[in-house]
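Here is the file input_14.csv (CSV, N, CA and C atoms).
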```csv
chain,number,residue,atom,x,y,z
A,1,MET,N,12.9,14.5,3.3
A,1,MET,CA,11.8,14.4,2.4
A,1,MET,C,10.6,13.7,3.0
A,2,PRO,N,9.5,14.4,3.0
A,2,PRO,CA,8.3,13.8,3.7
A,2,PRO,C,7.7,12.6,3.0
A,3,LEU,N,7.9,12.4,1.7
A,3,LEU,CA,7.3,11.3,0.9
A,3,LEU,C,8.4,10.6,0.1
A,4,SER,N,8.4,9.3,0.2
A,4,SER,CA,9.4,8.6,-0.6
A,4,SER,C,8.8,7.3,-1.1
A,5,LEU,N,9.3,6.7,-2.1
A,5,LEU,CA,8.8,5.5,-2.7
A,5,LEU,C,10.0,4.7,-3.2
A,6,GLN,N,10.0,3.4,-2.8
A,6,GLN,CA,11.2,2.6,-3.1
A,6,GLN,C,10.8,1.1,-3.2
A,7,TRP,N,11.5,0.3,-4.0
A,7,TRP,CA,11.3,-1.1,-3.9
A,7,TRP,C,12.0,-1.6,-2.7
A,8,ASP,N,11.4,-2.6,-2.0
A,8,ASP,CA,12.0,-3.1,-0.8
A,8,ASP,C,12.7,-4.5,-1.0
A,9,ASP,N,12.7,-5.0,-2.2
A,9,ASP,CA,13.3,-6.3,-2.5
A,9,ASP,C,13.8,-6.2,-4.0
A,10,GLU,N,14.8,-7.1,-4.2
A,10,GLU,CA,15.4,-7.1,-5.6
A,10,GLU,C,14.5,-7.6,-6.6
A,11,GLU,N,13.5,-8.4,-6.2
A,11,GLU,CA,12.6,-9.0,-7.2
A,11,GLU,C,11.5,-8.0,-7.6
A,12,HIS,N,11.4,-6.8,-6.9
A,12,HIS,CA,10.4,-5.8,-7.1
A,12,HIS,C,9.0,-6.4,-6.9
A,13,THR,N,8.8,-7.0,-5.7
A,13,THR,CA,7.5,-7.6,-5.4
A,13,THR,C,6.9,-6.8,-4.2
A,14,ILE,N,7.8,-6.0,-3.5
A,14,ILE,CA,7.3,-5.2,-2.3
A,14,ILE,C,7.7,-3.8,-2.6
A,15,LEU,N,6.7,-2.9,-2.6
A,15,LEU,CA,7.0,-1.5,-2.8
A,15,LEU,C,6.6,-0.8,-1.5
A,16,ARG,N,7.5,0.1,-1.1
A,16,ARG,CA,7.3,0.8,0.2
A,16,ARG,C,7.2,2.3,0.0
A,17,GLN,N,6.1,2.9,0.5
A,17,GLN,CA,5.9,4.3,0.5
A,17,GLN,C,6.2,4.7,2.0
A,18,THR,N,7.0,5.8,2.1
A,18,THR,CA,7.2,6.3,3.5
A,18,THR,C,6.5,7.7,3.5
A,19,VAL,N,5.6,7.9,4.4
A,19,VAL,CA,4.9,9.2,4.5
A,19,VAL,C,5.2,9.7,5.9
A,20,SER,N,6.0,10.8,5.9
A,20,SER,CA,6.4,11.4,7.2
A,20,SER,C,6.3,12.9,7.2
A,21,GLY,N,6.3,13.5,8.4
A,21,GLY,CA,6.3,14.9,8.5
A,21,GLY,C,5.1,15.5,7.8
A,22,ARG,N,5.3,16.7,7.3
A,22,ARG,CA,4.2,17.5,6.7
A,22,ARG,C,4.3,17.4,5.2
A,23,TRP,N,3.2,17.2,4.5
A,23,TRP,CA,3.2,17.1,3.1
A,23,TRP,C,1.9,17.6,2.6
A,24,THR,N,1.8,17.9,1.3
A,24,THR,CA,0.6,18.4,0.7
A,24,THR,C,-0.1,17.3,-0.1
A,25,GLN,N,-1.3,17.5,-0.4
A,25,GLN,CA,-2.1,16.6,-1.3
A,25,GLN,C,-1.4,16.5,-2.6
A,26,GLU,N,-0.9,17.6,-3.2
A,26,GLU,CA,-0.3,17.6,-4.5
A,26,GLU,C,1.0,16.8,-4.4
A,27,GLU,N,1.7,16.9,-3.4
A,27,GLU,CA,2.9,16.0,-3.2
A,27,GLU,C,2.6,14.6,-3.2
A,28,TYR,N,1.5,14.2,-2.4
A,28,TYR,CA,1.1,12.8,-2.3
A,28,TYR,C,0.6,12.3,-3.7
A,29,GLN,N,-0.1,13.2,-4.4
A,29,GLN,CA,-0.6,12.8,-5.7
A,29,GLN,C,0.5,12.5,-6.7
A,30,ALA,N,1.6,13.3,-6.6
A,30,ALA,CA,2.7,13.1,-7.5
A,30,ALA,C,3.4,11.8,-7.2
A,31,MET,N,3.5,11.5,-5.9
A,31,MET,CA,4.1,10.2,-5.5
A,31,MET,C,3.2,9.0,-6.0
A,32,TYR,N,1.9,9.2,-5.9
A,32,TYR,CA,0.9,8.2,-6.4
A,32,TYR,C,1.1,7.9,-7.9
A,33,GLU,N,1.3,9.0,-8.6
A,33,GLU,CA,1.5,8.8,-10.1
A,33,GLU,C,2.8,8.0,-10.3
A,34,ASP,N,3.9,8.3,-9.6
A,34,ASP,CA,5.1,7.6,-9.7
A,34,ASP,C,4.9,6.1,-9.3
A,35,MET,N,4.1,5.9,-8.3
A,35,MET,CA,3.8,4.5,-7.9
A,35,MET,C,3.2,3.7,-9.0
A,36,VAL,N,2.2,4.4,-9.7
A,36,VAL,CA,1.5,3.7,-10.9
A,36,VAL,C,2.5,3.3,-11.9
A,37,VAL,N,3.5,4.1,-12.2
A,37,VAL,CA,4.6,3.8,-13.2
A,37,VAL,C,5.3,2.6,-12.7
A,38,LEU,N,5.7,2.5,-11.4
A,38,LEU,CA,6.4,1.3,-10.9
A,38,LEU,C,5.6,0.1,-11.0
A,39,TYR,N,4.3,0.1,-10.7
A,39,TYR,CA,3.4,-1.0,-10.9
A,39,TYR,C,3.4,-1.5,-12.3
A,40,ARG,N,3.4,-0.6,-13.2
A,40,ARG,CA,3.3,-0.9,-14.7
A,40,ARG,C,4.7,-1.5,-15.2
A,41,SER,N,5.7,-1.3,-14.4
A,41,SER,CA,7.0,-1.7,-14.9
A,41,SER,C,7.3,-3.2,-14.6
A,42,VAL,N,6.5,-3.9,-13.9
A,42,VAL,CA,6.7,-5.3,-13.6
A,42,VAL,C,5.4,-6.1,-13.9
A,43,PRO,N,5.5,-7.4,-14.3
A,43,PRO,CA,4.3,-8.2,-14.7
A,43,PRO,C,3.7,-8.9,-13.5
A,44,HIS,N,4.4,-9.0,-12.4
A,44,HIS,CA,3.9,-9.8,-11.3
A,44,HIS,C,3.2,-9.0,-10.2
A,45,ASP,N,2.6,-9.7,-9.2
A,45,ASP,CA,1.9,-9.0,-8.1
A,45,ASP,C,2.9,-8.2,-7.2
A,46,ILE,N,2.3,-7.1,-6.7
A,46,ILE,CA,3.1,-6.3,-5.8
A,46,ILE,C,2.3,-6.1,-4.5
A,47,ASP,N,3.0,-6.2,-3.4
A,47,ASP,CA,2.5,-5.9,-2.1
A,47,ASP,C,3.0,-4.5,-1.7
A,48,LEU,N,2.1,-3.6,-1.3
A,48,LEU,CA,2.5,-2.3,-1.0
A,48,LEU,C,2.5,-2.1,0.5
A,49,ILE,N,3.6,-1.5,1.0
A,49,ILE,CA,3.7,-1.2,2.4
A,49,ILE,C,3.7,0.4,2.5
A,50,ILE,N,2.9,0.9,3.3
A,50,ILE,CA,2.9,2.4,3.5
A,50,ILE,C,3.2,2.6,5.0
A,51,ASP,N,4.4,3.2,5.2
A,51,ASP,CA,4.9,3.5,6.5
A,51,ASP,C,4.4,4.9,6.9
A,52,VAL,N,3.5,5.0,7.8
A,52,VAL,CA,2.9,6.3,8.2
A,52,VAL,C,3.3,6.6,9.7
A,53,SER,N,4.3,5.9,10.2
A,53,SER,CA,4.6,6.0,11.6
A,53,SER,C,5.2,7.3,12.0
A,54,LYS,N,5.6,8.1,11.0
A,54,LYS,CA,6.2,9.4,11.3
A,54,LYS,C,5.4,10.5,10.6
A,55,ASN,N,4.2,10.2,10.2
A,55,ASN,CA,3.3,11.2,9.5
A,55,ASN,C,2.8,12.3,10.5
A,56,GLU,N,2.8,13.5,10.0
A,56,GLU,CA,2.3,14.6,10.8
A,56,GLU,C,1.2,15.4,10.1
A,57,THR,N,0.7,14.9,9.0
A,57,THR,CA,-0.3,15.5,8.2
A,57,THR,C,-1.6,14.8,8.4
A,58,ASN,N,-2.7,15.6,8.5
A,58,ASN,CA,-4.0,15.0,8.6
A,58,ASN,C,-4.4,14.3,7.2
A,59,PRO,N,-4.7,13.0,7.2
A,59,PRO,CA,-4.9,12.4,5.9
A,59,PRO,C,-6.3,12.5,5.4
A,60,LEU,N,-7.2,13.2,6.0
A,60,LEU,CA,-8.6,13.2,5.6
A,60,LEU,C,-8.7,13.8,4.2
A,61,GLY,N,-7.8,14.7,3.8
A,61,GLY,CA,-7.8,15.3,2.4
A,61,GLY,C,-7.6,14.2,1.3
A,62,MET,N,-7.0,13.1,1.7
A,62,MET,CA,-6.8,12.1,0.7
A,62,MET,C,-8.1,11.4,0.2
A,63,LEU,N,-9.1,11.5,1.0
A,63,LEU,CA,-10.4,10.9,0.6
A,63,LEU,C,-10.9,11.6,-0.7
A,64,TYR,N,-10.6,12.8,-0.9
A,64,TYR,CA,-11.0,13.5,-2.1
A,64,TYR,C,-10.4,12.9,-3.4
A,65,SER,N,-9.2,12.4,-3.3
A,65,SER,CA,-8.6,11.9,-4.5
A,65,SER,C,-8.8,10.4,-4.7
A,66,MET,N,-9.4,9.7,-3.7
A,66,MET,CA,-9.6,8.3,-3.7
A,66,MET,C,-10.3,7.8,-5.0
A,67,ASN,N,-11.4,8.5,-5.4
A,67,ASN,CA,-12.1,8.0,-6.5
A,67,ASN,C,-11.3,8.0,-7.8
A,68,SER,N,-10.6,9.1,-8.0
A,68,SER,CA,-9.8,9.2,-9.3
A,68,SER,C,-8.6,8.2,-9.2
A,69,ASN,N,-8.0,8.0,-8.0
A,69,ASN,CA,-6.9,7.1,-7.8
A,69,ASN,C,-7.4,5.7,-8.0
A,70,GLU,N,-8.6,5.4,-7.6
A,70,GLU,CA,-9.1,4.0,-7.7
A,70,GLU,C,-9.1,3.6,-9.1
A,71,ARG,N,-9.4,4.5,-10.0
A,71,ARG,CA,-9.4,4.1,-11.5
A,71,ARG,C,-8.0,3.8,-12.0
A,72,LYS,N,-6.9,4.2,-11.3
A,72,LYS,CA,-5.6,4.0,-11.7
A,72,LYS,C,-4.9,2.7,-11.1
A,73,VAL,N,-5.7,2.0,-10.3
A,73,VAL,CA,-5.1,0.8,-9.6
A,73,VAL,C,-4.8,-0.2,-10.7
A,74,GLU,N,-3.6,-0.7,-10.6
A,74,GLU,CA,-3.1,-1.7,-11.6
A,74,GLU,C,-3.6,-3.1,-11.1
A,75,PRO,N,-3.8,-4.0,-12.1
A,75,PRO,CA,-4.3,-5.3,-11.7
A,75,PRO,C,-3.3,-6.1,-10.9
A,76,ASN,N,-2.0,-5.8,-10.9
A,76,ASN,CA,-1.0,-6.5,-10.1
A,76,ASN,C,-0.9,-6.0,-8.7
A,77,HIS,N,-1.7,-5.0,-8.3
A,77,HIS,CA,-1.8,-4.6,-6.9
A,77,HIS,C,-2.4,-5.7,-6.1
A,78,HIS,N,-1.6,-6.3,-5.2
A,78,HIS,CA,-2.0,-7.4,-4.4
A,78,HIS,C,-2.5,-7.1,-3.0
A,79,SER,N,-1.8,-6.3,-2.3
A,79,SER,CA,-2.2,-5.9,-0.9
A,79,SER,C,-1.6,-4.6,-0.5
A,80,VAL,N,-2.2,-4.1,0.5
A,80,VAL,CA,-1.6,-2.8,1.1
A,80,VAL,C,-1.5,-3.0,2.7
A,81,THR,N,-0.4,-2.7,3.2
A,81,THR,CA,-0.2,-2.8,4.7
A,81,THR,C,0.2,-1.5,5.2
A,82,LEU,N,-0.5,-0.9,6.1
A,82,LEU,CA,-0.2,0.3,6.7
A,82,LEU,C,0.6,0.1,8.0
A,83,VAL,N,1.7,0.7,8.1
A,83,VAL,CA,2.6,0.5,9.3
A,83,VAL,C,2.6,1.7,10.2
A,84,GLY,N,2.3,1.5,11.5
A,84,GLY,CA,2.4,2.6,12.4
A,84,GLY,C,1.3,3.6,12.4
A,85,SER,N,0.1,3.1,12.0
A,85,SER,CA,-1.0,4.1,11.8
A,85,SER,C,-1.7,4.4,13.1
A,86,ASN,N,-2.1,5.7,13.2
A,86,ASN,CA,-2.9,6.1,14.4
A,86,ASN,C,-4.4,5.9,14.1
A,87,THR,N,-5.2,6.3,15.1
A,87,THR,CA,-6.6,6.1,14.9
A,87,THR,C,-7.2,6.8,13.7
A,88,ILE,N,-6.8,8.1,13.5
A,88,ILE,CA,-7.3,8.8,12.3
A,88,ILE,C,-7.0,8.1,11.0
A,89,ILE,N,-5.7,7.7,10.9
A,89,ILE,CA,-5.3,7.0,9.7
A,89,ILE,C,-6.1,5.7,9.5
A,90,ARG,N,-6.3,5.0,10.6
A,90,ARG,CA,-7.1,3.7,10.5
A,90,ARG,C,-8.5,4.0,10.0
A,91,VAL,N,-9.1,5.1,10.6
A,91,VAL,CA,-10.5,5.4,10.1
A,91,VAL,C,-10.5,5.8,8.7
A,92,VAL,N,-9.6,6.6,8.2
A,92,VAL,CA,-9.5,7.0,6.8
A,92,VAL,C,-9.3,5.8,5.9
A,93,ALA,N,-8.4,4.9,6.4
A,93,ALA,CA,-8.2,3.6,5.6
A,93,ALA,C,-9.4,2.8,5.5
A,94,ASN,N,-10.2,2.7,6.6
A,94,ASN,CA,-11.4,1.9,6.6
A,94,ASN,C,-12.5,2.5,5.7
A,95,VAL,N,-12.6,3.8,5.7
A,95,VAL,CA,-13.5,4.5,4.8
A,95,VAL,C,-13.0,4.3,3.4
A,96,ALA,N,-11.7,4.5,3.1
A,96,ALA,CA,-11.2,4.3,1.8
A,96,ALA,C,-11.5,2.9,1.3
A,97,SER,N,-11.5,1.9,2.1
A,97,SER,CA,-11.8,0.5,1.7
A,97,SER,C,-13.2,0.4,1.1
A,98,LYS,N,-14.1,1.3,1.5
A,98,LYS,CA,-15.5,1.4,0.9
A,98,LYS,C,-15.5,2.2,-0.4
A,99,ILE,N,-14.8,3.3,-0.4
A,99,ILE,CA,-14.7,4.2,-1.6
A,99,ILE,C,-13.8,3.6,-2.7
A,100,ALA,N,-12.7,3.0,-2.3
A,100,ALA,CA,-11.7,2.5,-3.2
A,100,ALA,C,-11.3,1.1,-2.9
A,101,PRO,N,-12.2,0.1,-3.1
A,101,PRO,CA,-11.9,-1.3,-2.7
A,101,PRO,C,-10.7,-1.9,-3.4
A,102,ASN,N,-10.4,-1.5,-4.7
A,102,ASN,CA,-9.3,-2.0,-5.3
A,102,ASN,C,-8.0,-1.5,-4.7
A,103,MET,N,-8.0,-0.2,-4.4
A,103,MET,CA,-6.8,0.4,-3.8
A,103,MET,C,-6.5,-0.2,-2.4
A,104,SER,N,-7.6,-0.6,-1.8
A,104,SER,CA,-7.5,-1.1,-0.4
A,104,SER,C,-7.5,-2.6,-0.3
A,105,ARG,N,-7.3,-3.2,-1.5
A,105,ARG,CA,-7.3,-4.7,-1.5
A,105,ARG,C,-6.2,-5.3,-0.6
A,106,GLY,N,-6.7,-6.2,0.2
A,106,GLY,CA,-5.7,-6.9,1.2
A,106,GLY,C,-5.3,-6.0,2.3
A,107,LEU,N,-6.1,-5.0,2.7
A,107,LEU,CA,-5.8,-4.1,3.7
A,107,LEU,C,-5.4,-4.7,5.0
A,108,TYR,N,-4.3,-4.3,5.6
A,108,TYR,CA,-3.8,-4.9,6.9
A,108,TYR,C,-3.1,-3.8,7.6
A,109,PHE,N,-3.2,-3.8,8.9
A,109,PHE,CA,-2.5,-2.8,9.8
A,109,PHE,C,-1.4,-3.5,10.5
A,110,ALA,N,-0.2,-3.0,10.5
A,110,ALA,CA,0.9,-3.5,11.3
A,110,ALA,C,1.6,-2.5,12.1
A,111,ASP,N,2.1,-2.9,13.2
A,111,ASP,CA,2.8,-1.9,14.1
A,111,ASP,C,4.2,-1.6,13.7
A,112,THR,N,4.9,-2.6,13.0
A,112,THR,CA,6.3,-2.4,12.6
A,112,THR,C,6.5,-2.9,11.2
A,113,LEU,N,7.6,-2.5,10.6
A,113,LEU,CA,7.9,-3.0,9.3
A,113,LEU,C,8.2,-4.5,9.3
A,114,ASP,N,8.8,-5.0,10.4
A,114,ASP,CA,9.1,-6.4,10.5
A,114,ASP,C,7.7,-7.2,10.5
A,115,GLU,N,6.7,-6.6,11.2
A,115,GLU,CA,5.4,-7.3,11.2
A,115,GLU,C,4.8,-7.3,9.8
A,116,ALA,N,5.0,-6.2,9.1
A,116,ALA,CA,4.4,-6.1,7.7
A,116,ALA,C,5.1,-7.1,6.8
A,117,TYR,N,6.4,-7.3,6.9
A,117,TYR,CA,7.1,-8.2,6.0
A,117,TYR,C,6.7,-9.7,6.4
A,118,ALA,N,6.5,-9.9,7.7
A,118,ALA,CA,6.1,-11.3,8.1
A,118,ALA,C,4.7,-11.6,7.6
A,119,ARG,N,3.9,-10.6,7.7
A,119,ARG,CA,2.5,-10.8,7.2
A,119,ARG,C,2.5,-11.1,5.7
A,120,ILE,N,3.3,-10.4,4.9
A,120,ILE,CA,3.3,-10.6,3.5
A,120,ILE,C,3.9,-12.0,3.2
A,121,ALA,N,5.0,-12.4,3.9
A,121,ALA,CA,5.6,-13.7,3.7
A,121,ALA,C,4.5,-14.8,4.0
A,122,LYS,N,3.8,-14.6,5.1
A,122,LYS,CA,2.8,-15.6,5.5
A,122,LYS,C,1.7,-15.7,4.4
A,123,SER,N,1.2,-14.6,4.0
A,123,SER,CA,0.2,-14.6,3.0
A,123,SER,C,0.6,-15.2,1.7
A,124,ARG,N,1.9,-15.0,1.3
A,124,ARG,CA,2.4,-15.6,0.1
A,124,ARG,C,2.6,-17.1,0.2
A,125,ALA,N,3.0,-17.5,1.4
A,125,ALA,CA,3.1,-19.0,1.7
A,125,ALA,C,1.8,-19.6,1.6
A,126,GLN,N,0.7,-19.0,2.2
A,126,GLN,CA,-0.6,-19.6,2.1
A,126,GLN,C,-1.1,-19.7,0.7
A,127,GLU,N,-0.9,-18.7,-0.1
A,127,GLU,CA,-1.3,-18.7,-1.5
A,127,GLU,C,-0.6,-19.8,-2.3
A,128,GLN,N,0.7,-20.0,-2.0
A,128,GLN,CA,1.5,-21.0,-2.7
A,128,GLN,C,0.9,-22.4,-2.3
A,129,GLU,N,0.6,-22.5,-1.0
A,129,GLU,CA,0.0,-23.8,-0.5
A,129,GLU,C,-1.3,-24.1,-1.2
A,130,LYS,N,-2.2,-23.1,-1.4
A,130,LYS,CA,-3.5,-23.3,-2.0
A,130,LYS,C,-3.3,-23.6,-3.5
A,131,LYS,N,-2.3,-23.0,-4.2
A,131,LYS,CA,-2.0,-23.3,-5.6
A,131,LYS,C,-1.5,-24.8,-5.7
A,132,ALA,N,-0.7,-25.2,-4.8
A,132,ALA,CA,-0.1,-26.5,-4.8
A,132,ALA,C,-1.2,-27.6,-4.6
A,133,LYS,N,-2.2,-27.3,-3.7
A,133,LYS,CA,-3.3,-28.2,-3.4
A,133,LYS,C,-4.2,-28.2,-4.6
A,134,ALA,N,-4.4,-27.1,-5.3
A,134,ALA,CA,-5.3,-27.0,-6.4
A,134,ALA,C,-4.7,-27.8,-7.6
A,135,GLY,N,-3.4,-27.9,-7.6
A,135,GLY,CA,-2.7,-28.5,-8.7
A,135,GLY,C,-2.7,-30.0,-8.6
A,136,ASP,N,-3.0,-30.5,-7.4
A,136,ASP,CA,-3.0,-32.0,-7.1
A,136,ASP,C,-4.1,-32.7,-7.9
```

Would you mind writing the structure in this file as structure tokens?
Amino acid sequence: MPLSLQWDDEEHTILRQTVSGRWTQEEYQAMYEDMVVLYRSVPHDIDLIIDVSKNETNPLGMLYSMNSNERKVEPNHHSVTLVGSNTIIRVVANVASKIAPNMSRGLYFADTLDEAYARIAKSRAQEQEKKAKAGD
């Protein structure tokens, strides 16, 4: 299956999309709609990981749906980390950050899933530290 979506932790704070092989814009849009449902199913922030390391489809077509998808971004979307992106995907992601700033909130590029998890853990620890200091 070229597109999949799953929770990566029992607390449902990390959601992972896997984008591999060949897929259509319609298939991606259906997965995006499923993702919106998952965001709405929990009250807390979610960090999204999109693993594109095995993608074989040109992602430029995704720019056409960015504007409508931007309006569907849930307030609990915290960050997005792209894993294994090539130059084209990085360019599309950077353009998307201008077109769809909410969708691209907290945009980060990682080479591996382990790096993505480590970055999310570090970001969460820093946020907890700031909250603790603000509470003093």

Nearest residue to Met62 (chain A) out of A:Ala116, A:Ala96, A:Met103, A:Met35, using all atoms listed in the file?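 Looking only at the distances to Met62 (chain A), the closest residue turns out to be A:Ala96.
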
How many Å lie between CA of Ala118 (chain A) and CA of Thr18 (chain A), rounded to one decimal?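 If I compute the distance from CA of Ala118 (chain A) to CA of Thr18 (chain A), I get 18.2 Å.
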
Just list as a VMD selection string whatever in chain A DSSP marks as strand (DSSP E or B). chain A and resid 3 to 7 14 to 21 46 to 55 77 to 83 108 to 110

Ref. answer, residues at most 9 Å from (-0.8, -1.0, -4.4) with only C-alpha atoms, as a PyMOL selection string: chain A and resi 15+35-36+39+46-49+73-74+76-80+102-105

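Atom N of Lys122 (chain A) sits 26.1 Å away from atom C of Met31 (chain A).
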
If you run DSSP on the backbone, which residues of region 26-98 of chain A are alpha helix (DSSP H), as a PyMOL selection string? chain A and resi 26-40+63-70+87-98

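Closest to Met1 (chain A) among A:Ile89, A:Val19, A:Val37, A:Ala134 is A:Val19, based on all atoms listed in the file.
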
Rank nothing, just name the residue among A:Gln128, A:Asn67, A:Asn58, A:Gln25 nearest to Asn86 (chain A), using only C-alpha atoms. A:Asn58

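The coordinates place atom C of Ile50 (chain A) at 15.7 Å from atom N of Asp34 (chain A).
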